[in-house]
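As stored in final.cif (mmCIF, C-alpha atoms):
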data_query
loop_
_atom_site.label_atom_id
_atom_site.label_comp_id
_atom_site.auth_asym_id
_atom_site.auth_seq_id
_atom_site.Cartn_x
_atom_site.Cartn_y
_atom_site.Cartn_z
CA MET A 223 -7.93 -11.20 -3.99
CA ASN A 224 -5.68 -9.96 -6.81
CA PRO A 225 -2.57 -7.93 -5.89
CA GLU A 226 -3.96 -4.60 -7.10
CA ALA A 227 -7.17 -5.04 -5.09
CA LEU A 228 -5.13 -6.00 -2.02
CA LEU A 229 -3.05 -2.85 -2.41
CA ASP A 230 -6.21 -0.73 -2.60
CA GLN A 231 -7.45 -2.27 0.62
CA VAL A 232 -4.17 -1.62 2.41
CA VAL A 233 -4.22 2.02 1.27
CA SER A 234 -7.71 2.25 2.75
CA ILE A 235 -6.53 0.75 6.06
CA ALA A 236 -3.58 3.15 6.27
CA THR A 237 -5.90 6.05 5.50
CA SER A 238 -8.32 5.03 8.26
CA ALA A 239 -5.45 4.77 10.74
CA GLY A 240 -4.21 8.16 9.64
CA GLN A 241 -7.62 9.69 10.26
CA VAL A 242 -7.58 8.35 13.82
CA ILE A 243 -4.11 9.82 14.38
CA ARG A 244 -5.12 13.17 12.89
CA GLU A 245 -8.13 13.44 15.17
CA ILE A 246 -6.02 12.79 18.27
CA TYR A 247 -3.34 15.21 17.04
CA GLN A 248 -5.86 17.99 16.42
CA GLN A 249 -7.49 17.47 19.80
CA GLY A 250 -4.07 17.96 21.38
CA SER A 251 -4.85 15.55 24.20
CA PHE A 252 -2.99 12.26 24.24
CA GLU A 253 -1.20 9.96 26.65
CA ARG A 254 2.55 9.56 26.42
CA GLU A 255 4.87 6.88 27.81
CA ILE A 256 8.51 5.89 27.41
CA LYS A 257 9.14 2.35 26.20
CA ALA A 258 11.90 0.04 27.39
CA ASP A 259 14.14 1.22 24.53
CA ASP A 260 13.77 4.85 25.73
CA THR A 261 11.62 5.86 22.75
CA PRO A 262 8.23 7.52 23.21
CA VAL A 263 4.86 5.95 22.47
CA THR A 264 1.51 7.74 22.59
CA SER A 265 -2.14 6.81 22.68
CA ALA A 266 -2.19 7.73 18.97
CA ASP A 267 0.43 5.05 18.22
CA MET A 268 -1.66 2.48 20.06
CA ALA A 269 -4.97 3.51 18.51
CA SER A 270 -3.44 3.25 15.03
CA HIS A 271 -1.81 -0.08 15.91
CA GLU A 272 -5.07 -1.62 17.11
CA LEU A 273 -7.00 -0.46 14.03
CA ILE A 274 -4.38 -1.66 11.54
CA VAL A 275 -3.88 -5.06 13.16
CA ALA A 276 -7.62 -5.72 13.39
CA GLN A 277 -8.26 -4.70 9.78
CA LEU A 278 -5.26 -6.58 8.35
CA GLN A 279 -6.27 -9.72 10.22
CA ALA A 280 -9.80 -9.41 8.85
CA LEU A 281 -8.46 -8.82 5.32
CA THR A 282 -5.84 -11.61 5.32
CA PRO A 283 -6.42 -13.98 8.28
CA ASP A 284 -3.59 -16.27 7.16
CA ILE A 285 -0.89 -13.56 7.12
CA PRO A 286 0.67 -12.62 10.50
CA VAL A 287 1.25 -9.00 11.49
CA LEU A 288 4.49 -7.64 12.96
CA SER A 289 3.96 -4.15 14.35
CA GLU A 290 6.42 -1.91 16.14
CA GLU A 291 3.97 -1.78 19.03
CA ASP A 292 3.84 -5.58 19.34
CA ALA A 293 7.26 -6.69 18.18
CA ASP A 294 8.31 -8.91 21.08
CA ILE A 295 8.05 -12.06 18.98
CA PRO A 296 11.07 -14.41 19.07
CA LEU A 297 12.87 -15.31 15.86
CA SER A 298 12.01 -18.97 16.46
CA GLU A 299 8.37 -18.05 15.83
CA ARG A 300 8.93 -15.39 13.19
CA GLN A 301 11.19 -17.55 11.06
CA GLN A 302 8.20 -19.78 10.30
CA TRP A 303 6.60 -16.91 8.40
CA SER A 304 7.09 -16.91 4.64
CA ARG A 305 4.92 -13.79 4.33
CA TYR A 306 3.88 -11.19 6.89
CA TRP A 307 2.70 -7.61 7.33
CA LEU A 308 5.31 -5.20 8.70
CA VAL A 309 3.77 -2.13 10.33
CA ASP A 310 4.79 1.13 11.95
CA PRO A 311 1.47 2.54 13.17
CA LEU A 312 2.95 6.02 13.64
CA ASP A 313 6.36 6.73 12.14
CA GLY A 314 7.67 9.93 13.67
CA THR A 315 6.22 9.80 17.17
CA GLY A 316 8.69 12.50 18.23
CA GLU A 317 7.36 14.75 15.47
CA PHE A 318 3.79 14.00 16.58
CA ILE A 319 4.64 15.04 20.14
CA ALA A 320 6.51 18.14 18.95
CA GLY A 321 3.58 19.20 16.77
CA SER A 322 5.44 19.39 13.45
CA GLY A 323 2.96 17.31 11.46
CA ASP A 324 5.80 15.31 9.86
CA PHE A 325 4.66 11.78 10.66
CA SER A 326 3.10 8.90 8.77
CA VAL A 327 1.50 5.46 8.84
CA ILE A 328 3.58 2.64 7.33
CA ILE A 329 2.36 -0.76 6.14
CA ALA A 330 4.49 -3.20 4.15
CA LEU A 331 3.99 -6.75 2.94
CA VAL A 332 7.15 -8.83 3.20
CA ASP A 333 7.40 -12.02 1.14
CA ASN A 334 10.41 -14.34 1.37
CA HIS A 335 12.34 -11.72 3.38
CA ARG A 336 11.77 -8.92 0.83
CA PRO A 337 9.22 -6.08 0.86
CA VAL A 338 6.85 -6.55 -2.09
CA MET A 339 4.20 -3.96 -1.23
CA GLY A 340 4.42 -0.69 0.65
CA VAL A 341 2.10 2.10 1.73
CA VAL A 342 3.09 5.34 3.47
CA TYR A 343 0.18 7.61 4.42
CA VAL A 344 0.70 11.15 5.75
CA PRO A 345 -2.25 12.06 8.02
CA MET A 346 -1.82 15.84 8.10
CA THR A 347 -1.57 16.31 4.32
CA GLU A 348 -3.63 13.24 3.32
CA VAL A 349 -0.88 12.31 0.85
CA CYS A 350 -0.28 8.61 0.22
CA TYR A 351 2.74 6.92 -1.35
CA PHE A 352 2.42 3.31 -2.44
CA ALA A 353 4.14 0.67 -4.55
CA MET A 354 4.09 -2.99 -5.43
CA THR A 355 6.76 -5.11 -7.09
CA GLY A 356 6.65 -4.65 -10.84
CA LEU A 357 3.84 -2.08 -10.81
CA GLY A 358 5.79 1.12 -10.10
CA ALA A 359 5.62 3.69 -7.31
CA TYR A 360 2.83 6.24 -6.96
CA LYS A 361 1.77 9.31 -5.02
CA LYS A 362 -1.87 10.16 -4.32
CA ALA A 363 -2.57 13.78 -3.39
CA GLN A 364 -5.85 15.72 -3.52
CA GLY A 365 -7.52 12.78 -5.19
CA ALA A 366 -5.05 12.58 -8.09
CA VAL A 367 -2.65 9.66 -8.52
CA LYS A 368 0.63 10.00 -10.39
CA GLN A 369 3.59 7.71 -10.87
CA ILE A 370 6.77 8.94 -9.19
CA HIS A 371 10.41 8.49 -10.12
CA SER A 372 13.62 9.26 -8.30
CA LYS A 373 15.87 11.84 -9.90
CA GLN A 374 18.59 10.19 -11.94
CA LEU A 375 21.78 12.20 -11.64
CA SER A 376 24.70 11.96 -14.04
CA LEU A 377 28.37 11.95 -13.15
CA ASN A 378 28.68 15.36 -14.83
CA ASP A 379 26.07 17.10 -12.67
CA ALA A 380 27.66 20.10 -10.98
CA GLN A 381 24.81 20.74 -8.54
CA PRO A 382 25.11 19.83 -4.83
CA LEU A 383 23.92 16.43 -3.63
CA ARG A 384 20.63 17.05 -1.80
CA ILE A 385 20.60 14.96 1.38
CA ALA A 386 17.41 14.47 3.40
CA VAL A 387 18.11 14.47 7.14
CA SER A 388 16.07 14.45 10.32
CA ARG A 389 15.60 17.70 12.24
CA ARG A 390 16.30 15.58 15.34
CA GLN A 391 19.70 14.41 14.16
CA ASP A 392 23.04 16.19 14.26
CA PRO A 393 23.66 17.04 10.59
CA GLN A 394 27.42 16.84 11.12
CA LYS A 395 27.11 13.11 11.79
CA VAL A 396 25.52 12.72 8.39
CA LEU A 397 27.88 15.06 6.54
CA GLY A 398 30.82 13.25 8.13
CA LEU A 399 29.95 10.17 6.09
CA PHE A 400 30.56 11.97 2.80
CA THR A 401 33.95 12.36 1.14
CA ASP A 402 33.24 15.97 0.15
CA ALA A 403 30.71 17.60 2.48
CA SER A 404 31.08 20.91 0.63
CA GLN A 405 29.16 19.35 -2.26
CA CYS A 406 26.18 18.45 -0.05
CA GLU A 407 22.98 20.37 0.60
CA LEU A 408 20.71 19.37 3.51
CA VAL A 409 16.93 18.96 3.20
CA VAL A 410 15.38 18.74 6.69
CA LEU A 411 12.21 16.75 7.31
CA GLY A 412 10.57 14.57 9.98
CA GLY A 413 9.79 10.83 9.96
CA ALA A 414 12.08 8.28 8.30
CA ALA A 415 9.59 7.07 5.70
CA LEU A 416 8.77 10.61 4.60
CA LYS A 417 12.42 11.30 3.82
CA SER A 418 12.65 8.09 1.81
CA CYS A 419 9.56 9.13 -0.15
CA LEU A 420 11.15 12.53 -0.74
CA VAL A 421 13.96 10.71 -2.55
CA ALA A 422 11.48 8.48 -4.39
CA GLU A 423 9.71 11.48 -5.90
CA GLY A 424 12.93 13.28 -6.82
CA HIS A 425 12.86 16.09 -4.26
CA ALA A 426 16.07 14.84 -2.59
CA ASP A 427 18.95 12.82 -3.99
CA CYS A 428 19.55 10.64 -0.96
CA TYR A 429 18.58 10.13 2.65
CA VAL A 430 21.08 8.95 5.25
CA ARG A 431 19.98 7.62 8.61
CA VAL A 432 22.57 7.35 11.38
CA GLY A 433 21.16 5.76 14.52
CA PRO A 434 18.66 3.07 15.44
CA THR A 435 15.55 2.38 13.38
CA GLY A 436 13.40 -0.73 13.11
CA GLU A 437 12.69 -2.92 10.10
CA TRP A 438 9.17 -1.44 10.14
CA ASP A 439 10.73 1.97 9.32
CA THR A 440 12.22 0.76 6.03
CA GLY A 441 9.98 -2.04 4.70
CA ALA A 442 7.45 0.10 2.79
CA ALA A 443 10.07 2.73 1.97
CA GLN A 444 12.29 0.12 0.35
CA ILE A 445 9.74 -1.12 -2.17
CA ILE A 446 8.62 2.45 -2.91
CA ILE A 447 12.15 3.69 -3.63
CA GLU A 448 13.02 0.58 -5.63
CA GLU A 449 9.93 0.89 -7.81
CA ALA A 450 10.75 4.59 -8.26
CA GLY A 451 14.20 3.75 -9.61
CA GLY A 452 16.33 4.04 -6.49
CA GLN A 453 17.80 1.78 -3.84
CA LEU A 454 17.86 1.39 -0.05
CA CYS A 455 20.79 -0.36 1.64
CA ASP A 456 23.08 -0.01 4.62
CA ILE A 457 25.86 2.58 4.49
CA HIS A 458 28.30 -0.14 3.44
CA LEU A 459 26.03 -0.60 0.40
CA GLN A 460 24.83 -4.02 1.51
CA PRO A 461 21.14 -5.04 1.44
CA LEU A 462 19.05 -4.72 4.57
CA SER A 463 17.63 -7.93 6.02
CA TYR A 464 14.04 -8.61 7.04
CA ASN A 465 13.06 -11.18 9.64
CA ARG A 466 16.43 -12.94 9.56
CA ARG A 467 17.84 -11.83 12.94
CA GLU A 468 16.71 -11.94 16.55
CA THR A 469 16.95 -8.17 16.64
CA LEU A 470 14.68 -6.09 14.43
CA ILE A 471 16.93 -3.02 14.63
CA ASN A 472 18.39 -1.79 11.35
CA PRO A 473 21.99 -0.74 10.80
CA ASP A 474 22.66 2.82 9.59
CA PHE A 475 21.28 3.07 6.07
CA ILE A 476 21.10 5.19 2.94
CA VAL A 477 18.33 5.73 0.40
CA MET A 478 19.79 6.54 -3.03
CA GLY A 479 17.82 8.09 -5.87
CA THR A 480 20.52 7.23 -8.42
CA PRO A 481 22.06 3.82 -7.65
CA ALA A 482 24.40 4.18 -10.65
CA LEU A 483 26.44 6.95 -9.02
CA PRO A 484 29.84 5.86 -7.59
CA TRP A 485 28.63 5.68 -3.99
CA GLN A 486 31.75 3.78 -2.95
CA GLN A 487 33.64 7.02 -3.60
CA ILE A 488 30.91 9.42 -2.43
CA LEU A 489 30.59 7.76 0.99
CA LYS A 490 33.52 7.37 3.38
CA ALA A 491 31.75 4.54 5.19
CA SER A 492 31.46 2.28 2.17
#

As structure tokens, the full file:
Amino acid sequence: MNPEALLDQVVSIATSAGQVIREIYQQGSFEREIKADDTPVTSADMASHELIVAQLQALTPDIPVLSEEDADIPLSERQQWSRYWLVDPLDGTGEFIAGSGDFSVIIALVDNHRPVMGVVYVPMTEVCYFAMTGLGAYKKAQGAVKQIHSKQLSLNDAQPLRIAVSRRQDPQKVLGLFTDASQCELVVLGGAALKSCLVAEGHADCYVRVGPTGEWDTGAAQIIIEEAGGQLCDIHLQPLSYNRRETLINPDFIVMGTPALPWQQILKAS
């Protein structure tokens, strides 16, 4: 299967999972549990997980799947993988529970420790973001597909820096990372991948995440933002790692629409 055809199939799988999530969400009846890491999981997460894993395994039997809902795989086994699928079946479970609609399905293909394909599907708006190395980043909405680009700011821009933040995070923790918080404007949204996509399409200038996330939260977002002209790295401006550590938890990170800005001066943490 050629890369473009594979991408189309993955978009279809993410869309199918999103439809399952949307149906459960609209019914308003779902089971909820608290996982060992004190984060919530619902029957919608698990239904999406089961669908995605089954369909990816049928599509590419030789490529293993690492999902947030089945991530207890030791590094000794994972390090044998040169290529694997990295999945968050429902990014924004807290938003799903709260009824905000700001959640998504995330599927990434990681090759040699780098994301090379990414799909982010938004069930409640039926919007899909996707990218593949060298092919650009795209947004599909209402049946129309358009290429997206992050906004490229210049050093002379006088407008505030628009920072995407989670409605479930203390904004002061984010603003405290910036040298001049008075020059920042907050854009509040739900799931992590959605905020990254907001930067990728130029509606925010950066997204800062303070607090734990998993590699499945950033895999698809990273290739989408990179193909859109931006960059995703930790807040010390170092690359994120994929499948190189026993833990799959990310450090605090930033998604930048304009990598050429002097982020070493903009961020205190760098």

Name the residues in contact with region 402-405 of chain A at a cut-off of 8 Å, using all atoms listed in the file, excluding same-chain residues fewer than 6 positions from it; report them as a PyMOL selection string. chain A and resi 381-383+488

Explicit residue set for the PyMOL selection byres ((chain A and resi 334-340) around 9), as a PyMOL selection string: chain A and resi 229+232+303-305+308+328-333+341-342+351-356+441-446+463-466

Save the residues we just selected, C-alpha atoms, as a PDB file, in the frame of the given file?
ATOM      1  CA  LEU A 229      -3.050  -2.850  -2.410  1.00  0.00           C
ATOM      2  CA  VAL A 232      -4.170  -1.620   2.410  1.00  0.00           C
ATOM      3  CA  TRP A 303       6.600 -16.910   8.400  1.00  0.00           C
ATOM      4  CA  SER A 304       7.090 -16.910   4.640  1.00  0.00           C
ATOM      5  CA  ARG A 305       4.920 -13.790   4.330  1.00  0.00           C
ATOM      6  CA  LEU A 308       5.310  -5.200   8.700  1.00  0.00           C
ATOM      7  CA  ILE A 328       3.580   2.640   7.330  1.00  0.00           C
ATOM      8  CA  ILE A 329       2.360  -0.760   6.140  1.00  0.00           C
ATOM      9  CA  ALA A 330       4.490  -3.200   4.150  1.00  0.00           C
ATOM     10  CA  LEU A 331       3.990  -6.750   2.940  1.00  0.00           C
ATOM     11  CA  VAL A 332       7.150  -8.830   3.200  1.00  0.00           C
ATOM     12  CA  ASP A 333       7.400 -12.020   1.140  1.00  0.00           C
ATOM     13  CA  VAL A 341       2.100   2.100   1.730  1.00  0.00           C
ATOM     14  CA  VAL A 342       3.090   5.340   3.470  1.00  0.00           C
ATOM     15  CA  TYR A 351       2.740   6.920  -1.350  1.00  0.00           C
ATOM     16  CA  PHE A 352       2.420   3.310  -2.440  1.00  0.00           C
ATOM     17  CA  ALA A 353       4.140   0.670  -4.550  1.00  0.00           C
ATOM     18  CA  MET A 354       4.090  -2.990  -5.430  1.00  0.00           C
ATOM     19  CA  THR A 355       6.760  -5.110  -7.090  1.00  0.00           C
ATOM     20  CA  GLY A 356       6.650  -4.650 -10.840  1.00  0.00           C
ATOM     21  CA  GLY A 441       9.980  -2.040   4.700  1.00  0.00           C
ATOM     22  CA  ALA A 442       7.450   0.100   2.790  1.00  0.00           C
ATOM     23  CA  ALA A 443      10.070   2.730   1.970  1.00  0.00           C
ATOM     24  CA  GLN A 444      12.290   0.120   0.350  1.00  0.00           C
ATOM     25  CA  ILE A 445       9.740  -1.120  -2.170  1.00  0.00           C
ATOM     26  CA  ILE A 446       8.620   2.450  -2.910  1.00  0.00           C
ATOM     27  CA  SER A 463      17.630  -7.930   6.020  1.00  0.00           C
ATOM     28  CA  TYR A 464      14.040  -8.610   7.040  1.00  0.00           C
ATOM     29  CA  ASN A 465      13.060 -11.180   9.640  1.00  0.00           C
ATOM     30  CA  ARG A 466      16.430 -12.940   9.560  1.00  0.00           C
TER      31      ARG A 466
END

Set up a box along x, y and z of the file covering all listed atoms of region 439-454 of chain A, add 8 Å on every one of the six sides, and write the centre and edge lengths in Å to one decimal, as lines of an AutoDock Vina configuration file.
center_x = 12.7
center_y = 1.3
center_z = -0.1
size_x = 26.4
size_y = 22.6
size_z = 34.9

Apply the PyMOL selection byres ((chain A and resi 364) around 12) to the structure shown and report the selected residues as a PDB file with C-alpha atoms, in the frame of the given file.
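Listed below is the output, selection_6.pdb:
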ATOM      1  CA  THR A 347      -1.570  16.310   4.320  1.00  0.00           C
ATOM      2  CA  GLU A 348      -3.630  13.240   3.320  1.00  0.00           C
ATOM      3  CA  VAL A 349      -0.880  12.310   0.850  1.00  0.00           C
ATOM      4  CA  CYS A 350      -0.280   8.610   0.220  1.00  0.00           C
ATOM      5  CA  LYS A 361       1.770   9.310  -5.020  1.00  0.00           C
ATOM      6  CA  LYS A 362      -1.870  10.160  -4.320  1.00  0.00           C
ATOM      7  CA  ALA A 363      -2.570  13.780  -3.390  1.00  0.00           C
ATOM      8  CA  GLY A 365      -7.520  12.780  -5.190  1.00  0.00           C
ATOM      9  CA  ALA A 366      -5.050  12.580  -8.090  1.00  0.00           C
ATOM     10  CA  VAL A 367      -2.650   9.660  -8.520  1.00  0.00           C
ATOM     11  CA  LYS A 368       0.630  10.000 -10.390  1.00  0.00           C
TER      12      LYS A 368
END

Within 12 Å of (4.6, 3.7, 18.8), in the coordinates the file gives, what residues turn up when you count all atoms listed in the file, written out as a ChimeraX atom specification? /A:243,253-272,289-293,309-319,325-328,436,438-439

At what distance in Å, to one decimal, does CA of Cys419 (chain A) lie from CA of Ala450 (chain A)? 9.4 Å

Residues returned when the PyMOL selection byres ((chain A and resi 480) around 10) runs on this file, as an NGL selection string: :A and (372-376 or 421-422 or 424 or 427-428 or 451-453 or 477-479 or 481-485)
